[in-house]
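Next up, query_34.cif (mmCIF, C-alpha atoms and all ligand atoms):
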data_final
loop_
_atom_site.label_atom_id
_atom_site.label_comp_id
_atom_site.auth_asym_id
_atom_site.auth_seq_id
_atom_site.Cartn_x
_atom_site.Cartn_y
_atom_site.Cartn_z
CA MET A 495 -1.86 18.55 16.71
CA THR A 496 -0.59 16.41 13.87
CA GLY A 497 -1.81 12.92 13.15
CA ARG A 498 -0.09 9.68 12.26
CA PHE A 499 0.27 8.21 8.80
CA ILE A 500 0.54 4.40 8.63
CA VAL A 501 0.83 2.63 5.27
CA PHE A 502 0.34 -1.02 4.31
CA GLU A 503 2.30 -2.44 1.37
CA GLY A 504 2.94 -5.78 -0.30
CA VAL A 505 2.33 -7.99 -3.31
CA GLU A 506 -1.15 -9.00 -4.50
CA GLY A 507 -3.29 -10.79 -1.93
CA CYS A 508 -0.83 -10.22 0.94
CA GLY A 509 -3.74 -9.28 3.22
CA LYS A 510 -3.47 -5.47 3.43
CA THR A 511 -7.17 -4.78 3.22
CA THR A 512 -7.94 -7.38 5.88
CA GLN A 513 -5.27 -6.03 8.25
CA LEU A 514 -6.22 -2.37 7.71
CA GLN A 515 -9.74 -3.15 8.85
CA LYS A 516 -8.56 -5.15 11.85
CA LEU A 517 -6.17 -2.37 12.87
CA GLN A 518 -8.87 0.28 12.53
CA GLN A 519 -11.13 -1.74 14.88
CA TRP A 520 -8.27 -2.30 17.33
CA LEU A 521 -7.36 1.39 17.46
CA GLN A 522 -10.98 2.49 17.78
CA ALA A 523 -11.47 0.13 20.74
CA ASP A 524 -8.39 1.54 22.54
CA SER A 525 -9.09 4.34 25.03
CA ARG A 526 -5.70 5.94 24.21
CA PHE A 527 -7.14 6.99 20.87
CA LYS A 528 -10.68 7.87 21.87
CA HIS A 529 -10.23 11.49 20.77
CA CYS A 530 -8.66 10.58 17.39
CA SER A 531 -10.35 9.83 14.09
CA VAL A 532 -8.99 6.58 12.71
CA LEU A 533 -9.44 6.70 8.94
CA VAL A 534 -8.88 4.00 6.33
CA THR A 535 -8.04 5.06 2.78
CA ARG A 536 -6.22 3.74 -0.27
CA GLN A 537 -4.20 4.44 -3.38
CA PRO A 538 -5.35 4.38 -6.04
CA GLY A 539 -8.88 5.49 -5.24
CA GLY A 540 -8.82 7.61 -2.09
CA SER A 541 -10.55 10.59 -3.72
CA GLU A 542 -13.38 11.13 -6.23
CA LEU A 543 -10.89 11.68 -9.04
CA GLY A 544 -8.84 8.78 -7.70
CA LEU A 545 -11.82 6.42 -7.97
CA GLN A 546 -12.07 7.21 -11.68
CA LEU A 547 -8.31 6.75 -12.08
CA ARG A 548 -8.50 3.45 -10.17
CA ARG A 549 -11.09 2.14 -12.61
CA LEU A 550 -8.92 3.20 -15.57
CA LEU A 551 -5.86 1.60 -14.02
CA LEU A 552 -7.31 -1.72 -12.90
CA GLU A 553 -9.90 -2.72 -15.47
CA PRO A 554 -8.50 -5.18 -18.02
CA ARG A 555 -8.03 -3.47 -21.43
CA PRO A 556 -7.18 -6.15 -23.99
CA SER A 557 -7.87 -3.92 -27.02
CA GLU A 558 -5.28 -1.25 -26.13
CA PRO A 559 -2.65 -2.24 -23.55
CA MET A 560 -1.77 0.61 -21.21
CA GLN A 561 1.75 1.94 -21.76
CA ASP A 562 4.05 1.71 -18.76
CA ARG A 563 4.71 5.47 -18.59
CA ALA A 564 0.98 6.23 -18.91
CA GLU A 565 0.41 3.87 -15.96
CA LEU A 566 3.11 5.63 -13.95
CA PHE A 567 1.56 9.07 -14.52
CA LEU A 568 -1.94 7.89 -13.62
CA TYR A 569 -0.72 6.54 -10.27
CA ALA A 570 1.12 9.83 -9.67
CA ALA A 571 -2.01 11.85 -10.50
CA ASP A 572 -4.07 9.77 -8.06
CA ARG A 573 -1.42 10.34 -5.37
CA ALA A 574 -1.16 14.10 -5.87
CA GLN A 575 -4.95 14.49 -5.58
CA HIS A 576 -5.13 12.27 -2.50
CA VAL A 577 -2.21 13.93 -0.67
CA GLU A 578 -3.40 17.48 -1.15
CA GLY A 579 -7.15 16.95 -0.85
CA PHE A 580 -7.30 14.31 1.88
CA LEU A 581 -4.07 13.20 3.58
CA LYS A 582 -2.60 16.59 4.44
CA PRO A 583 -5.80 18.14 5.83
CA GLN A 584 -6.72 15.03 7.82
CA LEU A 585 -3.21 14.71 9.29
CA ALA A 586 -3.26 18.41 10.18
CA ALA A 587 -6.54 17.77 12.03
CA GLY A 588 -4.89 14.98 14.06
CA ALA A 589 -6.29 11.86 12.38
CA ILE A 590 -4.59 8.47 12.44
CA ILE A 591 -4.63 7.45 8.79
CA LEU A 592 -4.28 3.85 7.64
CA CYS A 593 -3.52 3.83 3.93
CA ASP A 594 -3.63 0.84 1.58
CA ARG A 595 -0.48 1.42 -0.58
CA TYR A 596 1.57 4.58 -1.13
CA THR A 597 4.87 5.57 -2.79
CA ASP A 598 6.64 2.22 -2.26
CA SER A 599 4.03 0.58 -4.52
CA THR A 600 5.18 2.76 -7.42
CA ILE A 601 8.82 1.91 -6.77
CA ALA A 602 8.02 -1.82 -6.50
CA TYR A 603 5.49 -2.13 -9.36
CA GLN A 604 6.48 0.52 -11.92
CA GLY A 605 10.19 0.54 -10.97
CA TYR A 606 11.12 -3.08 -10.24
CA GLY A 607 8.09 -4.66 -11.95
CA ARG A 608 7.89 -2.63 -15.18
CA GLY A 609 11.55 -1.61 -15.23
CA LEU A 610 11.02 2.17 -15.35
CA ASN A 611 13.84 4.41 -14.12
CA LEU A 612 13.99 4.39 -10.31
CA THR A 613 15.46 7.88 -10.00
CA VAL A 614 12.68 9.34 -12.15
CA ILE A 615 10.08 7.49 -10.05
CA GLU A 616 11.55 8.89 -6.85
CA GLN A 617 11.38 12.41 -8.31
CA LEU A 618 7.79 11.84 -9.41
CA ASN A 619 6.88 10.48 -5.98
CA GLN A 620 8.41 13.58 -4.42
CA LEU A 621 6.39 15.83 -6.72
CA ALA A 622 3.14 13.92 -6.15
CA THR A 623 3.49 13.82 -2.37
CA ASP A 624 5.06 17.24 -1.85
CA GLY A 625 7.45 15.37 0.47
CA LEU A 626 4.81 13.68 2.65
CA GLU A 627 6.22 10.34 3.87
CA SER A 628 4.57 7.70 5.98
CA ASP A 629 5.44 7.63 9.69
CA LEU A 630 5.47 3.84 9.48
CA THR A 631 4.99 1.34 6.65
CA PHE A 632 4.03 -2.28 7.26
CA TRP A 633 5.29 -4.52 4.47
CA LEU A 634 3.14 -7.65 4.54
CA ASP A 635 5.58 -10.21 3.17
CA VAL A 636 3.97 -13.26 1.61
CA ASP A 637 5.16 -15.66 -1.08
CA VAL A 638 3.98 -14.27 -4.45
CA GLU A 639 2.19 -17.48 -5.45
CA ILE A 640 0.36 -17.74 -2.12
CA GLY A 641 -0.75 -14.10 -2.45
CA LEU A 642 -1.97 -14.52 -6.04
CA ALA A 643 -3.85 -17.69 -5.10
CA ARG A 644 -5.57 -15.80 -2.26
CA ALA A 645 -6.49 -12.95 -4.62
CA LYS A 646 -7.86 -15.41 -7.21
CA ARG A 647 -9.94 -17.28 -4.62
CA ARG A 648 -11.57 -13.97 -3.70
CA GLY A 649 -12.96 -13.42 -7.22
CA SER A 650 -12.11 -11.79 -10.55
CA VAL A 651 -8.51 -10.66 -11.16
CA ASP A 652 -7.71 -7.07 -12.20
CA ARG A 653 -5.36 -5.83 -14.96
CA ILE A 654 -2.27 -5.84 -12.76
CA GLU A 655 -3.01 -9.15 -11.07
CA GLN A 656 -3.14 -10.64 -14.60
CA ALA A 657 0.56 -9.81 -15.20
CA ASN A 658 2.90 -12.82 -15.36
CA LEU A 659 4.56 -14.43 -12.37
CA ASP A 660 7.99 -12.96 -13.19
CA PHE A 661 6.51 -9.46 -12.96
CA HIS A 662 5.13 -10.19 -9.47
CA ARG A 663 8.47 -11.72 -8.40
CA ARG A 664 10.28 -8.53 -9.46
CA VAL A 665 7.74 -6.53 -7.45
CA GLN A 666 8.53 -8.71 -4.44
CA GLN A 667 12.27 -8.13 -4.95
CA GLY A 668 11.52 -4.41 -5.01
CA TYR A 669 9.86 -4.60 -1.58
CA THR A 670 12.79 -6.61 -0.22
CA LYS A 671 15.24 -3.93 -1.37
CA LEU A 672 13.06 -1.09 -0.10
CA ALA A 673 12.83 -2.68 3.35
CA LYS A 674 16.61 -3.01 3.52
CA ALA A 675 17.12 0.58 2.37
CA HIS A 676 14.61 2.11 4.84
CA PRO A 677 14.73 0.06 8.07
CA GLN A 678 13.50 2.99 10.18
CA ARG A 679 10.31 3.44 8.18
CA ILE A 680 9.49 -0.01 6.77
CA VAL A 681 8.71 -2.93 9.08
CA ARG A 682 8.46 -6.43 7.62
CA ILE A 683 5.54 -8.52 8.80
CA ASP A 684 5.33 -12.25 8.11
CA ALA A 685 1.97 -12.33 6.32
CA GLU A 686 1.72 -16.10 5.79
CA PRO A 687 0.24 -17.17 9.17
CA SER A 688 -3.44 -16.76 10.04
CA GLN A 689 -5.10 -13.33 9.89
CA GLU A 690 -5.17 -13.20 13.70
CA GLN A 691 -1.44 -13.97 13.99
CA VAL A 692 -0.60 -11.29 11.42
CA ALA A 693 -2.76 -8.78 13.30
CA HIS A 694 -0.97 -9.69 16.54
CA GLN A 695 2.46 -8.94 15.00
CA ILE A 696 1.22 -5.53 13.85
CA GLN A 697 -0.30 -4.64 17.22
CA THR A 698 2.86 -5.70 19.05
CA ILE A 699 5.04 -3.43 16.92
CA LEU A 700 2.68 -0.50 17.37
CA ASN A 701 2.57 -0.99 21.14
CA GLN A 702 6.35 -1.32 21.46
CA HIS A 703 7.61 1.33 19.08
CA PHE A 704 4.88 3.60 17.84
CA PHE A 705 2.27 4.16 20.54
CA PRO A 706 4.24 3.20 23.70
N1 LIG A 801 -0.30 -0.25 -7.88
C1 LIG A 801 -0.73 0.58 -6.86
C2 LIG A 801 0.80 0.09 -8.68
O1 LIG A 801 1.13 -0.64 -9.63
N2 LIG A 801 1.45 1.26 -8.41
C3 LIG A 801 1.06 2.13 -7.42
O2 LIG A 801 1.69 3.19 -7.24
C4 LIG A 801 -0.07 1.76 -6.61
C5 LIG A 801 -0.52 2.68 -5.52
C6 LIG A 801 -3.99 -1.69 -6.56
C7 LIG A 801 -3.17 -2.25 -7.70
O3 LIG A 801 -2.43 -1.18 -8.21
C8 LIG A 801 -1.06 -1.48 -8.18
C9 LIG A 801 -0.89 -2.56 -7.16
C10 LIG A 801 -2.19 -3.32 -7.25
O4 LIG A 801 -2.07 -4.26 -8.27
P1 LIG A 801 -5.18 -2.93 -4.65
O5 LIG A 801 -6.63 -2.81 -4.44
O6 LIG A 801 -4.26 -2.36 -3.69
O7 LIG A 801 -4.93 -2.51 -6.17
O8 LIG A 801 -4.84 -4.39 -4.97
P2 LIG A 801 -4.25 -5.57 -4.28
O9 LIG A 801 -2.92 -5.46 -3.73
O10 LIG A 801 -4.44 -6.56 -5.36
O11 LIG A 801 -5.19 -5.73 -3.05
P3 LIG A 801 -6.06 -6.91 -2.76
O12 LIG A 801 -7.32 -6.38 -2.19
O13 LIG A 801 -6.19 -7.84 -3.92
O14 LIG A 801 -5.18 -7.69 -1.74
P4 LIG A 801 -4.90 -7.38 -0.23
O15 LIG A 801 -5.61 -6.16 0.22
O16 LIG A 801 -3.46 -7.46 -0.02
O17 LIG A 801 -5.52 -8.67 0.45
P5 LIG A 801 -6.92 -8.91 1.16
O18 LIG A 801 -6.86 -8.48 2.56
O19 LIG A 801 -8.02 -8.39 0.30
O20 LIG A 801 -6.89 -10.48 1.15
C11 LIG A 801 -7.00 -11.24 -0.05
C12 LIG A 801 -7.70 -12.57 0.27
O21 LIG A 801 -6.88 -13.31 1.13
C13 LIG A 801 -7.52 -13.60 2.37
C14 LIG A 801 -8.67 -12.60 2.48
O22 LIG A 801 -9.74 -13.11 3.24
C15 LIG A 801 -9.04 -12.40 1.02
O23 LIG A 801 -9.93 -13.37 0.59
N3 LIG A 801 -6.54 -13.45 3.43
C16 LIG A 801 -5.90 -14.47 4.01
N4 LIG A 801 -5.99 -15.80 3.79
C17 LIG A 801 -5.17 -16.59 4.59
N5 LIG A 801 -4.33 -16.09 5.52
C18 LIG A 801 -4.22 -14.79 5.76
N6 LIG A 801 -3.36 -14.32 6.69
C19 LIG A 801 -5.02 -13.90 4.97
N7 LIG A 801 -5.17 -12.56 4.94
C20 LIG A 801 -6.07 -12.29 3.98
#

Represent the supplied structure as structure tokens.
Ligand code: T5A
Amino acid sequence: MTGRFIVFEGVEGCGKTTQLQKLQQWLQADSRFKHCSVLVTRQPGGSELGLQLRRLLLEPRPSEPMQDRAELFLYAADRAQHVEGFLKPQLAAGAIILCDRYTDSTIAYQGYGRGLNLTVIEQLNQLATDGLESDLTFWLDVDVEIGLARAKRRGSVDRIEQANLDFHRRVQQGYTKLAKAHPQRIVRIDAEPSQEQVAHQIQTILNQHFFP
């Protein structure tokens, strides 16, 4: 039996973490999935090594700014470790995996945001994932300024959240282009209404198209 791999993507504060948890509870309460493990994980930080990389990537470092290519390689290293050590074995065992960010984040943030070469990023994603793609990706689409305000209200802002507004707008453009280019895999969710309304959109799509 092979599992299902569902990814959540979007700009800062779009509500991924909130919706991953709600979806995990919803799936666990559904008798259709009573024999499945429903696992929540994330990139960066879904492995022991990944947790160390996550700290390196997200803590502010005013004394020595991280170079864009160094950032790209650290995200790729996190992904390679996570795919091989966690995602592949769990999917092979039949788990439903809900993952906070995956390859589209690198295209949106390092590609559109930082301006690194998109073809190189796609090759690096391929190498890091060994070709593992999500079965379905929910893009939680929220206005960049609303998302950043939500993230700020929650507490301290990390190194990437501190980037300027133009950077976050380019990231958003990246998601818009990705969703157009991959309509079979990426589903846009309007992430501006209440948490309950966003959860309802996600459950409706899963019921209609993914777990009929
Ligand atoms: N990154 C990652 C790259 O640059 N390249 C890569 O390849 C990868 C994998 C990762 C950072 O790394 C970058 C992207 C990121 O900058 P992360 O932990 O994924 O870090 O960071 P964030 O996207 O910043 O995640 P956050 O936890 O900040 O935001 P979420 O998960 O989108 O939002 P969430 O659910 O925590 O909600 C934020 C706040 O909003 C409220 C929540 O209660 C919370 O307080 N909220 C709502 N408020 C009103 N209405 C709603 N519908 C709401 N939903 C949530």

(request) Check the smallest atom-to-atom distance from each of A:Thr698, A:Thr631, A:Gln604, A:Gln656 to Gln561 in chain A using all atoms listed in the file, then report the winner. (result)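 Smallest separation from Gln561 in chain A among the options: A:Gln604.
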
Go through the chains and note each residue within 6 Å of ligand LIG 801 (chain A), using all atoms listed in the file, then give the set as a JSON list (two decimals) with C-alpha atoms, in the coordinates of the input.
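So selection_22.json came out as:
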[["chain", "number", "residue", "atom", "x", "y", "z"],
["A", 505, "VAL", "CA", 2.33, -7.99, -3.31],
["A", 506, "GLU", "CA", -1.15, -9.00, -4.50],
["A", 507, "GLY", "CA", -3.29, -10.79, -1.93],
["A", 508, "CYS", "CA", -0.83, -10.22, 0.94],
["A", 509, "GLY", "CA", -3.74, -9.28, 3.22],
["A", 510, "LYS", "CA", -3.47, -5.47, 3.43],
["A", 511, "THR", "CA", -7.17, -4.78, 3.22],
["A", 512, "THR", "CA", -7.94, -7.38, 5.88],
["A", 537, "GLN", "CA", -4.20, 4.44, -3.38],
["A", 538, "PRO", "CA", -5.35, 4.38, -6.04],
["A", 569, "TYR", "CA", -0.72, 6.54, -10.27],
["A", 595, "ARG", "CA", -0.48, 1.42, -0.58],
["A", 596, "TYR", "CA", 1.57, 4.58, -1.13],
["A", 597, "THR", "CA", 4.87, 5.57, -2.79],
["A", 599, "SER", "CA", 4.03, 0.58, -4.52],
["A", 600, "THR", "CA", 5.18, 2.76, -7.42],
["A", 603, "TYR", "CA", 5.49, -2.13, -9.36],
["A", 604, "GLN", "CA", 6.48, 0.52, -11.92],
["A", 644, "ARG", "CA", -5.57, -15.80, -2.26],
["A", 645, "ALA", "CA", -6.49, -12.95, -4.62],
["A", 648, "ARG", "CA", -11.57, -13.97, -3.70],
["A", 654, "ILE", "CA", -2.27, -5.84, -12.76],
["A", 655, "GLU", "CA", -3.01, -9.15, -11.07],
["A", 685, "ALA", "CA", 1.97, -12.33, 6.32],
["A", 686, "GLU", "CA", 1.72, -16.10, 5.79],
["A", 687, "PRO", "CA", 0.24, -17.17, 9.17],
["A", 688, "SER", "CA", -3.44, -16.76, 10.04],
["A", 689, "GLN", "CA", -5.10, -13.33, 9.89]]

Return as AutoDock Vina command-line options the box centre and box size in Å, one decimal, for an axis-aligned box around all listed atoms of range 599-614 of chain A padded by 4 Å per side.
--center_x 9.7 --center_y 2.3 --center_z -9.9 --size_x 19.4 --size_y 22.0 --size_z 18.8

(message) I'd like to know which of A:Phe499, A:Phe705, A:Phe661, A:Phe632 is closest to Ala673 in chain A, using all atoms listed in the file.
(response)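 Going through A:Phe499, A:Phe705, A:Phe661, A:Phe632 one by one, the smallest distance to Ala673 in chain A is for A:Phe632.
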
(message) Calculated over only C-alpha atoms, which of the candidates A:Pro706, A:Gly497, A:Gly668, A:Gly544 has the smallest distance to Arg608 in chain A?
(response)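 Smallest separation from Arg608 in chain A among the options: A:Gly668.
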
(message) One decimal, in Å: what's the spacing between CA of Gln575 in chain A and CA of Leu618 in chain A?
(response)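 For CA of Gln575 in chain A relative to CA of Leu618 in chain A, the distance reads 13.6 Å.
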
(message) Considering all atoms listed in the file, can you say which of A:Arg653, A:Arg555, A:Arg664, A:His694 comes closest to Lys516 in chain A?
(response)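 Of A:Arg653, A:Arg555, A:Arg664, A:His694, the one nearest Lys516 in chain A is A:His694, counting all atoms listed in the file.
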
(message) If we draw a sphere of 8 Å around (-5.8, 6.3, 8.1), which residues have at least one atom in it when counting only C-alpha atoms? Please report them as a list of chain:residue names.
(response)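 The distance filter leaves exactly A:Arg498, A:Phe499, A:Ile500, A:Val532, A:Leu533, A:Val534, A:Thr535, A:Ala589, A:Ile590, A:Ile591, A:Leu592, A:Cys593.
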
(request) Measure the distance from CA of Phe502 in chain A to CA of Leu634 in chain A in Å and round it to one decimal. (result)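 Pair CA of Phe502 in chain A / CA of Leu634 in chain A returns 7.2 Å.
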
(message) Counting only C-alpha atoms, which residue out of A:Leu630, A:Ala643, A:Leu551, A:Ala622 sits closest to His576 in chain A?
(response)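 Of A:Leu630, A:Ala643, A:Leu551, A:Ala622, the one nearest His576 in chain A, counting only C-alpha atoms, is A:Ala622.
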
(request) Would you mind telling me which residue in A:Arg526, A:His703, A:Arg679, A:Arg663 lies nearest to Val501 in chain A when using only C-alpha atoms? (result)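 Result for the nearest residue to Val501 in chain A: A:Arg679.
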
(request) Give me the residues within 10 Å of Ala587 in chain A as JSON, numbers by chain, counting all atoms listed in the file and dropping any in the same chain fewer than 5 places off. (result) {"A": [495, 496, 497, 530, 531, 581, 582]}
